[in-house]
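Dropping entry14.txt in here (compact mmCIF, C-alpha atoms):
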# COMPACT_ATOMS: atom_id res chain seq x y z
CA MET A 333 -10.83 80.25 -28.39
CA ASN A 334 -12.82 79.60 -31.59
CA ILE A 335 -16.28 78.67 -30.31
CA LYS A 336 -19.38 78.69 -32.50
CA LEU A 337 -22.97 78.92 -31.33
CA LEU A 338 -25.52 77.74 -33.86
CA ARG A 339 -28.76 79.44 -32.92
CA GLY A 340 -32.15 78.08 -33.92
CA ARG A 341 -34.89 75.69 -32.88
CA VAL A 342 -32.89 72.77 -31.51
CA LEU A 343 -34.19 69.19 -31.56
CA ASN A 344 -32.25 66.22 -30.21
CA PHE A 345 -33.49 62.70 -29.57
CA ILE A 346 -32.62 60.97 -26.32
CA SER A 347 -34.48 57.68 -26.79
CA GLU A 348 -36.75 55.93 -29.27
CA PRO A 349 -40.19 57.57 -29.27
CA THR A 350 -42.96 55.21 -28.21
CA SER A 351 -45.76 57.39 -29.60
CA ILE A 352 -46.43 60.69 -31.32
CA ASP A 353 -46.93 62.22 -27.86
CA ASP A 354 -43.71 60.91 -26.30
CA GLU A 355 -42.12 64.20 -25.24
CA SER A 356 -39.69 62.35 -22.94
CA SER A 357 -37.90 60.91 -25.99
CA TYR A 358 -36.41 64.23 -27.10
CA ALA A 359 -35.16 67.63 -25.99
CA PHE A 360 -36.50 70.67 -27.83
CA PHE A 361 -35.58 74.33 -27.44
CA GLU A 362 -37.66 76.90 -29.32
CA ASP A 363 -34.80 79.40 -29.02
CA GLY A 364 -31.85 77.10 -28.60
CA ALA A 365 -28.21 76.78 -29.50
CA VAL A 366 -25.54 74.19 -30.14
CA VAL A 367 -22.01 74.99 -28.94
CA ILE A 368 -19.17 73.79 -31.16
CA HIS A 369 -15.43 73.78 -30.43
CA ASP A 370 -12.74 72.03 -32.47
CA GLY A 371 -15.28 70.02 -34.43
CA LEU A 372 -17.06 68.68 -31.36
CA ILE A 373 -20.31 69.61 -29.63
CA THR A 374 -19.57 70.87 -26.13
CA ASP A 375 -23.14 71.75 -25.13
CA TYR A 376 -26.65 72.43 -26.38
CA GLY A 377 -29.75 73.93 -24.83
CA ASP A 378 -31.37 77.31 -24.23
CA TYR A 379 -29.72 80.09 -26.24
CA SER A 380 -29.83 82.79 -23.54
CA SER A 381 -28.00 80.60 -21.05
CA LEU A 382 -25.39 79.40 -23.52
CA VAL A 383 -24.62 82.81 -25.02
CA THR A 384 -24.06 84.16 -21.50
CA ALA A 385 -21.64 81.33 -20.78
CA HIS A 386 -19.81 81.86 -24.10
CA GLN A 387 -19.79 85.63 -24.56
CA ASN A 388 -16.89 85.72 -27.03
CA SER A 389 -18.26 83.02 -29.30
CA GLU A 390 -19.27 83.38 -32.94
CA VAL A 391 -23.06 83.24 -33.15
CA ILE A 392 -24.50 81.85 -36.40
CA ASP A 393 -28.21 82.56 -36.44
CA HIS A 394 -30.31 79.94 -38.24
CA ARG A 395 -33.67 81.01 -36.84
CA PRO A 396 -36.44 80.03 -37.44
CA HIS A 397 -35.00 76.81 -38.83
CA LEU A 398 -34.65 73.51 -37.00
CA ILE A 399 -31.23 72.27 -35.88
CA LEU A 400 -30.77 68.48 -35.71
CA PRO A 401 -27.93 65.97 -35.91
CA GLY A 402 -26.87 65.20 -39.47
CA PHE A 403 -28.75 62.40 -41.22
CA ILE A 404 -27.29 58.90 -41.45
CA ASP A 405 -27.80 56.56 -44.44
CA THR A 406 -26.99 52.95 -43.54
CA HIS A 407 -27.02 51.32 -47.02
CA LEU A 408 -26.12 52.83 -50.38
CA HIS A 409 -24.17 51.84 -53.49
CA PHE A 410 -21.44 54.28 -54.50
CA PRO A 411 -21.15 52.98 -58.12
CA GLN A 412 -24.88 53.28 -58.83
CA MET A 413 -25.35 57.04 -59.18
CA GLN A 414 -25.90 56.63 -62.93
CA VAL A 415 -28.21 53.64 -62.49
CA ILE A 416 -31.01 55.42 -60.61
CA GLY A 417 -34.27 55.41 -62.54
CA SER A 418 -33.46 52.42 -64.77
CA PHE A 419 -36.75 51.12 -66.09
CA GLY A 420 -38.70 47.94 -65.94
CA THR A 421 -37.01 45.06 -64.12
CA LYS A 422 -36.96 43.14 -60.85
CA LEU A 423 -33.85 42.72 -58.72
CA LEU A 424 -31.82 40.02 -60.51
CA ASP A 425 -32.57 41.28 -64.01
CA TRP A 426 -31.91 44.85 -62.86
CA LEU A 427 -28.46 43.83 -61.63
CA ASN A 428 -27.56 42.15 -64.91
CA LYS A 429 -29.15 44.66 -67.27
CA TYR A 430 -28.01 47.87 -65.59
CA THR A 431 -25.91 47.65 -62.45
CA PHE A 432 -23.21 45.18 -63.43
CA ILE A 433 -22.64 47.08 -66.67
CA GLU A 434 -22.29 50.39 -64.85
CA GLU A 435 -20.00 49.01 -62.17
CA GLN A 436 -17.44 47.89 -64.74
CA LYS A 437 -16.57 51.57 -65.28
CA PHE A 438 -15.06 51.67 -61.79
CA SER A 439 -11.87 49.99 -62.90
CA ASP A 440 -10.93 53.50 -64.06
CA PRO A 441 -9.50 55.56 -61.15
CA GLU A 442 -10.50 58.87 -62.76
CA HIS A 443 -14.12 57.75 -63.09
CA CYS A 444 -14.07 56.65 -59.44
CA LYS A 445 -12.78 60.06 -58.34
CA ARG A 446 -15.38 61.92 -60.39
CA ILE A 447 -18.30 59.91 -59.03
CA ALA A 448 -16.97 60.10 -55.45
CA LYS A 449 -17.04 63.89 -55.63
CA GLN A 450 -20.55 63.81 -57.09
CA LEU A 451 -21.73 61.41 -54.41
CA PHE A 452 -20.55 63.46 -51.46
CA ASP A 453 -21.84 66.70 -52.94
CA THR A 454 -25.21 65.04 -53.38
CA LEU A 455 -25.34 63.47 -49.93
CA LEU A 456 -24.42 66.75 -48.25
CA ARG A 457 -26.96 68.63 -50.32
CA HIS A 458 -29.56 66.27 -48.83
CA GLY A 459 -28.31 66.65 -45.26
CA THR A 460 -26.61 63.25 -45.01
CA THR A 461 -23.34 63.42 -43.10
CA THR A 462 -22.66 59.69 -42.62
CA GLY A 463 -23.21 56.86 -45.07
CA VAL A 464 -22.54 53.13 -45.26
CA ALA A 465 -21.52 52.36 -48.82
CA TYR A 466 -20.89 49.44 -51.11
CA CYS A 467 -18.08 50.23 -53.53
CA SER A 468 -17.51 48.17 -56.69
CA VAL A 469 -15.36 45.04 -56.79
CA HIS A 470 -12.38 47.20 -57.74
CA LYS A 471 -9.97 48.30 -55.06
CA THR A 472 -9.72 51.64 -56.91
CA SER A 473 -13.37 52.42 -56.12
CA ALA A 474 -12.88 52.05 -52.37
CA GLU A 475 -9.69 54.08 -52.52
CA ALA A 476 -11.49 56.93 -54.27
CA PHE A 477 -14.42 56.77 -51.85
CA PHE A 478 -12.28 56.91 -48.72
CA GLN A 479 -9.93 59.55 -50.10
CA GLU A 480 -12.74 61.92 -51.02
CA ALA A 481 -14.42 61.34 -47.64
CA GLU A 482 -11.14 62.13 -45.92
CA ASN A 483 -10.74 65.29 -48.00
CA ARG A 484 -14.05 66.49 -46.57
CA ASN A 485 -13.52 65.07 -43.05
CA LEU A 486 -16.69 62.99 -43.33
CA ARG A 487 -17.47 60.02 -41.10
CA MET A 488 -18.05 57.23 -43.60
CA ILE A 489 -18.17 53.43 -43.64
CA ALA A 490 -17.51 51.47 -46.84
CA GLY A 491 -15.97 48.43 -48.41
CA LYS A 492 -15.19 46.95 -51.80
CA VAL A 493 -17.66 44.22 -52.73
CA MET A 494 -16.44 40.63 -52.84
CA MET A 495 -17.88 38.68 -55.83
CA ASP A 496 -16.44 35.58 -57.42
CA ARG A 497 -19.39 34.17 -59.38
CA ASN A 498 -22.72 34.99 -61.09
CA ALA A 499 -21.46 38.33 -62.37
CA PRO A 500 -19.65 39.45 -65.54
CA GLU A 501 -16.03 38.34 -65.64
CA PRO A 502 -14.64 41.91 -65.28
CA LEU A 503 -16.52 42.18 -61.98
CA CYS A 504 -15.37 38.89 -60.50
CA ASP A 505 -12.47 38.67 -58.12
CA THR A 506 -11.28 35.42 -56.54
CA PRO A 507 -11.52 34.28 -52.93
CA GLN A 508 -7.83 35.06 -52.45
CA SER A 509 -7.81 38.42 -54.25
CA SER A 510 -10.95 39.52 -52.44
CA TYR A 511 -9.25 38.67 -49.15
CA ASP A 512 -5.98 40.35 -50.10
CA ASN A 513 -7.55 43.55 -51.43
CA SER A 514 -10.01 43.86 -48.54
CA LYS A 515 -7.20 43.30 -46.05
CA ALA A 516 -5.06 45.98 -47.70
CA LEU A 517 -7.94 48.44 -47.61
CA ILE A 518 -8.67 47.66 -43.96
CA GLU A 519 -5.05 48.17 -43.02
CA LYS A 520 -4.94 51.50 -44.83
CA TRP A 521 -8.32 53.02 -44.03
CA HIS A 522 -10.10 51.44 -41.06
CA GLY A 523 -9.83 53.81 -38.11
CA ARG A 524 -7.95 56.42 -40.15
CA GLY A 525 -9.51 59.78 -39.38
CA ARG A 526 -13.26 59.28 -39.54
CA ALA A 527 -13.22 56.19 -41.78
CA SER A 528 -14.44 52.69 -40.92
CA TYR A 529 -14.31 49.61 -43.09
CA ALA A 530 -17.18 47.26 -43.89
CA ILE A 531 -16.22 43.78 -45.08
CA THR A 532 -18.60 43.38 -48.01
CA PRO A 533 -19.61 40.09 -49.61
CA ARG A 534 -22.24 41.45 -51.99
CA PHE A 535 -24.68 38.63 -51.34
CA ALA A 536 -24.72 34.84 -51.19
CA ILE A 537 -25.49 34.47 -54.90
CA THR A 538 -22.27 36.21 -55.96
CA SER A 539 -19.97 34.50 -53.46
CA THR A 540 -18.80 30.89 -53.43
CA PRO A 541 -18.40 29.05 -50.14
CA THR A 542 -14.66 29.56 -50.43
CA GLN A 543 -15.10 33.32 -50.67
CA LEU A 544 -17.40 33.32 -47.65
CA GLU A 545 -14.67 31.41 -45.80
CA MET A 546 -12.34 34.29 -46.67
CA THR A 547 -14.98 36.72 -45.40
CA LYS A 548 -15.10 34.79 -42.13
CA ALA A 549 -11.31 34.96 -41.88
CA LEU A 550 -11.37 38.74 -42.33
CA MET A 551 -14.06 39.10 -39.67
CA GLN A 552 -11.99 37.07 -37.24
CA GLU A 553 -8.86 39.08 -37.96
CA TYR A 554 -10.64 42.45 -37.81
CA PRO A 555 -13.55 42.09 -35.36
CA ASP A 556 -13.87 45.87 -35.11
CA CYS A 557 -14.88 46.13 -38.78
CA TYR A 558 -18.46 46.12 -39.99
CA MET A 559 -19.90 43.44 -42.25
CA GLN A 560 -22.54 44.34 -44.83
CA THR A 561 -24.47 42.24 -47.31
CA HIS A 562 -27.97 41.64 -48.67
CA LEU A 563 -30.64 39.30 -47.33
CA SER A 564 -34.10 38.21 -48.47
CA GLU A 565 -34.87 41.12 -50.75
CA ASN A 566 -36.63 39.25 -53.54
CA HIS A 567 -38.34 35.84 -53.91
CA ALA A 568 -36.27 34.84 -56.96
CA GLU A 569 -33.10 35.77 -55.09
CA ILE A 570 -34.14 33.56 -52.17
CA GLU A 571 -34.87 30.58 -54.42
CA LEU A 572 -31.53 30.89 -56.23
CA THR A 573 -29.72 31.11 -52.90
CA LYS A 574 -31.41 27.88 -51.79
CA GLU A 575 -30.21 26.17 -54.96
CA LEU A 576 -26.65 27.35 -54.44
CA TYR A 577 -26.51 26.51 -50.73
CA GLN A 578 -28.67 23.41 -50.42
CA SER A 579 -27.40 22.49 -46.96
CA ALA A 580 -28.54 25.81 -45.46
CA ARG A 581 -31.75 25.86 -43.44
CA ASP A 582 -32.74 29.18 -45.00
CA TYR A 583 -31.14 32.28 -46.53
CA LEU A 584 -29.79 33.69 -43.28
CA ASP A 585 -28.23 30.35 -42.43
CA VAL A 586 -25.82 30.80 -45.35
CA TYR A 587 -24.27 33.69 -43.47
CA GLU A 588 -24.58 31.95 -40.11
CA MET A 589 -22.51 29.02 -41.40
CA TYR A 590 -19.63 31.45 -41.86
CA ASP A 591 -20.09 33.32 -38.55
CA LEU A 592 -21.07 36.56 -40.25
CA LEU A 593 -23.84 37.59 -37.85
CA GLY A 594 -23.20 40.05 -35.06
CA GLU A 595 -23.67 43.51 -33.60
CA LYS A 596 -21.82 45.18 -36.50
CA SER A 597 -23.43 43.08 -39.24
CA LEU A 598 -25.78 45.02 -41.51
CA PHE A 599 -28.23 43.06 -43.66
CA GLY A 600 -29.92 45.06 -46.39
CA HIS A 601 -33.67 44.55 -46.95
CA CYS A 602 -34.72 41.55 -44.79
CA ILE A 603 -38.23 41.61 -46.26
CA HIS A 604 -39.07 37.91 -46.44
CA LEU A 605 -37.63 36.43 -43.24
CA ASN A 606 -39.07 33.44 -41.41
CA ASP A 607 -39.37 33.29 -37.63
CA ARG A 608 -36.15 31.32 -37.21
CA GLU A 609 -34.22 33.95 -39.14
CA ARG A 610 -35.74 36.75 -37.08
CA GLN A 611 -34.87 34.99 -33.86
CA ALA A 612 -31.29 34.37 -34.99
CA MET A 613 -30.87 38.01 -35.95
CA ALA A 614 -32.23 39.11 -32.59
CA GLU A 615 -29.96 36.76 -30.64
CA THR A 616 -26.86 37.93 -32.50
CA LYS A 617 -27.89 41.61 -32.41
CA SER A 618 -27.59 41.79 -36.20
CA VAL A 619 -29.21 44.74 -37.98
CA ALA A 620 -32.01 44.60 -40.56
CA VAL A 621 -31.80 47.61 -42.89
CA PHE A 622 -35.11 48.95 -44.27
CA CYS A 623 -34.74 50.36 -47.82
CA PRO A 624 -38.23 51.61 -48.68
CA THR A 625 -37.80 53.41 -52.01
CA SER A 626 -35.76 50.53 -53.43
CA ASN A 627 -38.23 47.91 -52.21
CA LEU A 628 -41.07 49.74 -53.95
CA PHE A 629 -39.15 50.58 -57.13
CA LEU A 630 -37.95 47.00 -57.71
CA GLY A 631 -41.24 45.50 -56.52
CA SER A 632 -39.45 43.47 -53.88
CA GLY A 633 -41.99 43.57 -51.05
CA LEU A 634 -43.10 45.38 -47.90
CA PHE A 635 -40.80 45.54 -44.87
CA ASP A 636 -42.38 44.25 -41.65
CA GLN A 637 -41.02 46.65 -39.08
CA ASP A 638 -43.38 45.70 -36.27
CA GLY A 639 -42.78 41.99 -36.85
CA LEU A 640 -39.03 42.39 -36.69
CA GLN A 641 -39.13 44.59 -33.63
CA ALA A 642 -41.52 42.17 -31.90
CA HIS A 643 -38.76 39.57 -32.23
CA GLY A 644 -36.23 42.05 -30.87
CA VAL A 645 -34.39 42.59 -34.17
CA ARG A 646 -32.41 45.81 -34.40
CA THR A 647 -33.41 47.88 -37.45
CA ALA A 648 -32.05 50.78 -39.48
CA VAL A 649 -33.26 52.74 -42.51
CA ALA A 650 -31.49 53.64 -45.76
CA THR A 651 -31.82 54.98 -49.30
CA ASP A 652 -30.25 52.00 -51.13
CA ILE A 653 -29.10 54.22 -53.99
CA GLY A 654 -29.38 53.27 -56.89
CA GLY A 655 -32.21 50.73 -56.56
CA GLY A 656 -33.52 53.43 -54.27
CA THR A 657 -34.88 56.48 -56.01
CA SER A 658 -33.93 59.38 -53.72
CA TYR A 659 -30.81 60.47 -51.86
CA SER A 660 -33.03 62.24 -49.35
CA MET A 661 -33.59 60.63 -45.96
CA LEU A 662 -36.73 62.77 -45.75
CA LYS A 663 -38.16 61.15 -48.90
CA THR A 664 -36.93 57.75 -47.71
CA LEU A 665 -38.94 58.03 -44.50
CA ASP A 666 -41.89 59.38 -46.48
CA GLU A 667 -41.95 56.12 -48.44
CA ALA A 668 -41.32 54.11 -45.26
CA TYR A 669 -44.49 55.62 -43.82
CA LYS A 670 -46.46 54.52 -46.88
CA ILE A 671 -45.09 50.97 -46.82
CA LEU A 672 -46.01 50.60 -43.17
CA GLN A 673 -49.46 52.02 -43.88
CA LEU A 674 -49.96 49.16 -46.34
CA ARG A 675 -48.96 46.76 -43.55
CA ASN A 676 -51.40 48.42 -41.13
CA GLN A 677 -48.42 49.63 -39.12
CA THR A 678 -47.73 53.17 -37.98
CA LEU A 679 -44.63 55.31 -38.33
CA ASN A 680 -45.08 58.58 -36.49
CA PRO A 681 -42.90 61.57 -37.42
CA LEU A 682 -40.97 61.56 -34.15
CA LYS A 683 -39.96 57.96 -34.83
CA SER A 684 -38.99 58.88 -38.40
CA PHE A 685 -36.59 61.62 -37.33
CA TYR A 686 -35.25 59.42 -34.54
CA MET A 687 -34.55 56.70 -37.11
CA MET A 688 -32.55 58.92 -39.46
CA THR A 689 -30.46 60.33 -36.59
CA LEU A 690 -29.98 58.56 -33.24
CA GLY A 691 -31.70 55.35 -34.35
CA ASN A 692 -29.31 54.79 -37.24
CA ALA A 693 -26.37 55.81 -35.05
CA ARG A 694 -27.38 53.13 -32.55
CA ALA A 695 -27.71 50.59 -35.36
CA LEU A 696 -24.08 51.38 -36.23
CA SER A 697 -23.02 51.34 -32.55
CA MET A 698 -21.87 54.93 -33.06
CA GLN A 699 -24.28 56.77 -30.77
CA ASP A 700 -21.28 58.08 -28.83
CA LYS A 701 -20.07 59.87 -31.96
CA ILE A 702 -22.96 60.79 -34.31
CA GLY A 703 -26.74 61.02 -34.51
CA THR A 704 -26.97 63.21 -31.44
CA LEU A 705 -26.16 66.67 -30.15
CA GLY A 706 -24.81 65.28 -26.90
CA LYS A 707 -21.68 66.70 -25.28
CA GLY A 708 -18.46 65.38 -26.75
CA THR A 709 -20.02 64.10 -29.97
CA GLU A 710 -18.97 65.09 -33.45
CA ALA A 711 -20.52 68.30 -34.76
CA ASP A 712 -22.30 66.86 -37.81
CA ILE A 713 -25.46 68.94 -37.97
CA VAL A 714 -28.29 69.64 -40.41
CA ILE A 715 -30.38 72.82 -40.55
CA LEU A 716 -33.93 72.27 -41.83
CA ASN A 717 -36.23 74.86 -43.39
CA SER A 718 -39.88 73.85 -43.03
CA ASN A 719 -40.93 76.67 -45.40
CA ALA A 720 -38.56 75.74 -48.20
CA THR A 721 -41.16 75.70 -50.99
CA PRO A 722 -44.38 77.65 -51.61
CA ALA A 723 -46.41 74.48 -51.03
CA MET A 724 -44.67 73.88 -47.71
CA GLN A 725 -45.19 77.50 -46.69
CA LEU A 726 -48.91 77.19 -47.34
CA ARG A 727 -49.15 73.93 -45.37
CA MET A 728 -47.12 75.36 -42.49
CA GLU A 729 -49.77 78.05 -41.97
CA THR A 730 -51.95 75.39 -40.34
CA VAL A 731 -49.23 73.54 -38.38
CA GLU A 732 -49.52 73.84 -34.60
CA THR A 733 -47.14 71.24 -33.14
CA LEU A 734 -43.57 70.06 -33.57
CA SER A 735 -44.75 66.63 -34.69
CA GLU A 736 -46.92 68.19 -37.38
CA GLU A 737 -43.99 70.24 -38.62
CA LEU A 738 -41.74 67.17 -38.78
CA PHE A 739 -44.38 65.33 -40.77
CA VAL A 740 -44.57 68.20 -43.27
CA LEU A 741 -40.79 68.02 -43.68
CA GLN A 742 -40.92 64.25 -44.10
CA THR A 743 -43.82 64.29 -46.56
CA MET A 744 -43.08 67.41 -48.58
CA GLY A 745 -39.39 68.07 -47.98
CA ASP A 746 -36.37 67.24 -50.11
CA ASP A 747 -32.94 68.80 -50.69
CA ARG A 748 -34.56 72.25 -50.84
CA ALA A 749 -35.40 71.89 -47.14
CA ILE A 750 -31.69 71.55 -46.25
CA SER A 751 -30.61 75.08 -45.42
CA SER A 752 -27.11 74.21 -44.16
CA VAL A 753 -25.13 71.13 -43.23
CA TYR A 754 -22.18 71.12 -40.86
CA VAL A 755 -19.42 68.52 -40.92
CA ALA A 756 -17.25 68.51 -37.80
CA GLY A 757 -18.44 72.05 -37.14
CA LYS A 758 -17.85 73.49 -40.62
CA ASN A 759 -20.64 74.35 -43.04
CA GLN A 760 -20.11 72.05 -46.03
CA HIS A 761 -23.36 72.50 -47.93
CA PRO A 762 -22.20 72.43 -51.58
CA ASP A 763 -24.16 75.59 -52.34
CA TYR A 764 -22.98 77.45 -49.22

Would you mind writing the structure in this file as structure tokens?
Amino acid sequence: MNIKLLRGRVLNFISEPTSIDDESSYAFFEDGAVVIHDGLITDYGDYSSLVTAHQNSEVIDHRPHLILPGFIDTHLHFPQMQVIGSFGTKLLDWLNKYTFIEEQKFSDPEHCKRIAKQLFDTLLRHGTTTGVAYCSVHKTSAEAFFQEAENRNLRMIAGKVMMDRNAPEPLCDTPQSSYDNSKALIEKWHGRGRASYAITPRFAITSTPTQLEMTKALMQEYPDCYMQTHLSENHAEIELTKELYQSARDYLDVYEMYDLLGEKSLFGHCIHLNDRERQAMAETKSVAVFCPTSNLFLGSGLFDQDGLQAHGVRTAVATDIGGGTSYSMLKTLDEAYKILQLRNQTLNPLKSFYMMTLGNARALSMQDKIGTLGKGTEADIVILNSNATPAMQLRMETVETLSEELFVLQTMGDDRAISSVYVAGKNQHPDY
């Protein structure tokens, strides 16, 4: 029997922390272990008890590092790895000046394969074991994404974008071709291994009503798929959407008219929502995805987490590569903290680490599979080194509590703080 025990300081969230002192929201073992068999977690807890119960197991000692579930990124753009750090524009100009030019390269299958390998190496190096990705309009991009994810046995969600207007001609499909290609990809990849498909109209500006009708048809045919798009990121985007869909009550209503809201519907950004939109999202259990580094970099606005949660809106957090500026969920939550500071809202470190693990898993309705160390879940695990840099070592000399340590990791950590990353029980850190 090939059983592994990962030994270290084990942290697992059970519920959403209500405060920085909410010890009931997590389980923590100073000398703990996670038991792995056949890619699944069979137990976690105190090391001495578990090693006695599994005397013939392979013990992998990660002390004094922290052991947590692998990080989850709920919104990123696979074709934008070479767009990150493009200077000087707001959202719509940024798309036209940089992104749409870059995405045209993804008609080439070899380019798609190369970038897919780079993407997964980079995500794993930053401790991210599950991502929700926008591919380009090309079917080849989604094929490359899913194939590379399958090669590494990663749990990933993705879809080819659907765009039939307001983009360069090489990036425009048609309502029918977007339906046909999406359907073919769903039939091939959704539910295959650890892959899930997200039906992906890029946003209202780049889809005609006819294409959104095709999106609706796909959602009705494949209700188990996700749906991802963008919503209320930028004021100019909102105004253009109103011009294109003059019968809609507001931006969200464009998607409501085509029955695209629901428990598996992920709406990137959601910065400038009115109360009606918030209420509709809450009633349909749709998810608002907070993309802090992107919102700051493109000058889009400040996410109102407390306002959304007061309405009962489900939320998630994400990097939004490549409008976002870091692949690291640690840096992403660092910027989230700063945005909420500007809104006079508080994001404590327990909540941050909950969000990038169990919180994002719940947003994806995957808490029975990922984001947790619970029995029977998939053994996607990250090992964190709180002393990864000389500056962190110096700061850690004064740290006295777990919450303080997590905040150091969030504020000062990056890919150097990722000691190891396990995918289905196997260490897949690219530098391992």

Computed interatomic separation between atom CA of Ser751 of chain A and atom CA of Phe345 of chain A (Å):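 So the answer is 20.3 Å.
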
Distance in Å - atom CA of Glu545 of chain A versus atom CA of Leu592 of chain A: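 Distance reported for this atom pair: 9.9 Å.
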
With the cut-off set at 10 Å and counting all atoms listed in the file, tabulate each residue of segment 343-426 of chain A with an atom at most that distance from an atom of segment 600-621 of chain A, showing the nearest atom pair and its distance in Å to one decimal, ordered by chain and increasing number, as a tab-separated table.
residue	atom	partner	partner_atom	distance
A:Asp405	CA	A:Val621	CA	9.9
A:Thr406	CA	A:Val621	CA	7.2
A:His407	CA	A:Gly600	CA	6.9
A:Leu408	CA	A:Gly600	CA	9.5

Between atom CA of Ser510 of chain A and atom CA of Met494 of chain A, distance in Å (one decimal): 5.6 Å

Shell of 8 Å around Asp591 of chain A, all atoms listed in the file, local chain residues under 3 positions omitted, as a PyMOL selection string: chain A and resi 548+587-588

Keeping C-alpha atoms for every residue in the selection just given, could you write it to a file as a tab-separated table (two decimals), in the coordinates of the input?
chain	number	residue	atom	x	y	z
A	548	LYS	CA	-15.10	34.79	-42.13
A	587	TYR	CA	-24.27	33.69	-43.47
A	588	GLU	CA	-24.58	31.95	-40.11

Surrounding residues of Gln387 of chain A excluding itself and chain neighbours under 2 positions, 12 Å, all atoms listed in the file, as a ChimeraX atom specification: /A:333-337,367,379-385,389-391

Residue with smallest distance to Met688 of chain A - pool A:Gly459, A:Pro762, A:Pro541, A:Gly644, counting all atoms listed in the file: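 For Met688 of chain A, the nearest of the candidates is A:Gly459.
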
His470 of chain A environment, 8 Å, only C-alpha atoms, sequence neighbours closer than 5 positions dropped, as a ChimeraX atom specification: /A:438-439,492-493,503

Box centre and edge lengths (Å, one decimal), axis-aligned, segment 583-587 of chain A plus 6 Å each side, as JSON:
{"center_x": -27.7, "center_y": 32.0, "center_z": -44.5, "size_x": 18.9, "size_y": 15.3, "size_z": 16.1}

Nearest candidate to Ala359 of chain A (options A:Ala476, A:Leu738, A:Leu456, A:Val342; using all atoms listed in the file):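 Result for the nearest residue to Ala359 of chain A: A:Val342.
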
Non-local contacts of Asp512 of chain A (12 Å; all atoms listed in the file; under 2 positions in same chain excluded) as a PyMOL selection string: chain A and resi 471+492+494+505-510+514-519+531+543+546-547+549-550

Which residues come within 9 Å of Thr540 of chain A, counting only C-alpha atoms, excluding same-chain residues fewer than 2 positions away, as a PDB file with C-alpha atoms, in the coordinates of the input?
ATOM      1  CA  MET A 495     -17.880  38.680 -55.830  1.00  0.00           C
ATOM      2  CA  ASP A 496     -16.440  35.580 -57.420  1.00  0.00           C
ATOM      3  CA  ARG A 497     -19.390  34.170 -59.380  1.00  0.00           C
ATOM      4  CA  PRO A 507     -11.520  34.280 -52.930  1.00  0.00           C
ATOM      5  CA  ALA A 536     -24.720  34.840 -51.190  1.00  0.00           C
ATOM      6  CA  ILE A 537     -25.490  34.470 -54.900  1.00  0.00           C
ATOM      7  CA  THR A 538     -22.270  36.210 -55.960  1.00  0.00           C
ATOM      8  CA  THR A 542     -14.660  29.560 -50.430  1.00  0.00           C
ATOM      9  CA  GLN A 543     -15.100  33.320 -50.670  1.00  0.00           C
ATOM     10  CA  LEU A 544     -17.400  33.320 -47.650  1.00  0.00           C
ATOM     11  CA  GLU A 545     -14.670  31.410 -45.800  1.00  0.00           C
ATOM     12  CA  LEU A 576     -26.650  27.350 -54.440  1.00  0.00           C
TER      13      LEU A 576
END

Protein and nucleic acid residues near (-32.3, 58.7, -53.6) (cut-off 12 Å, all atoms listed in the file) as a PyMOL selection string: chain A and resi 405+407-410+412-417+451+454-455+457-458+460+623-626+629+650-667+746-747

Best match for closeness to Ile346 of chain A among A:Thr689, A:Gln552, A:Asn388, A:Ser718, counting all atoms listed in the file: A:Thr689

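Here the question is which of A:Val366, A:Met551, A:Ala711, A:Met687 gets nearest to Ser597 of chain A using only C-alpha atoms, and that residue is A:Met551.
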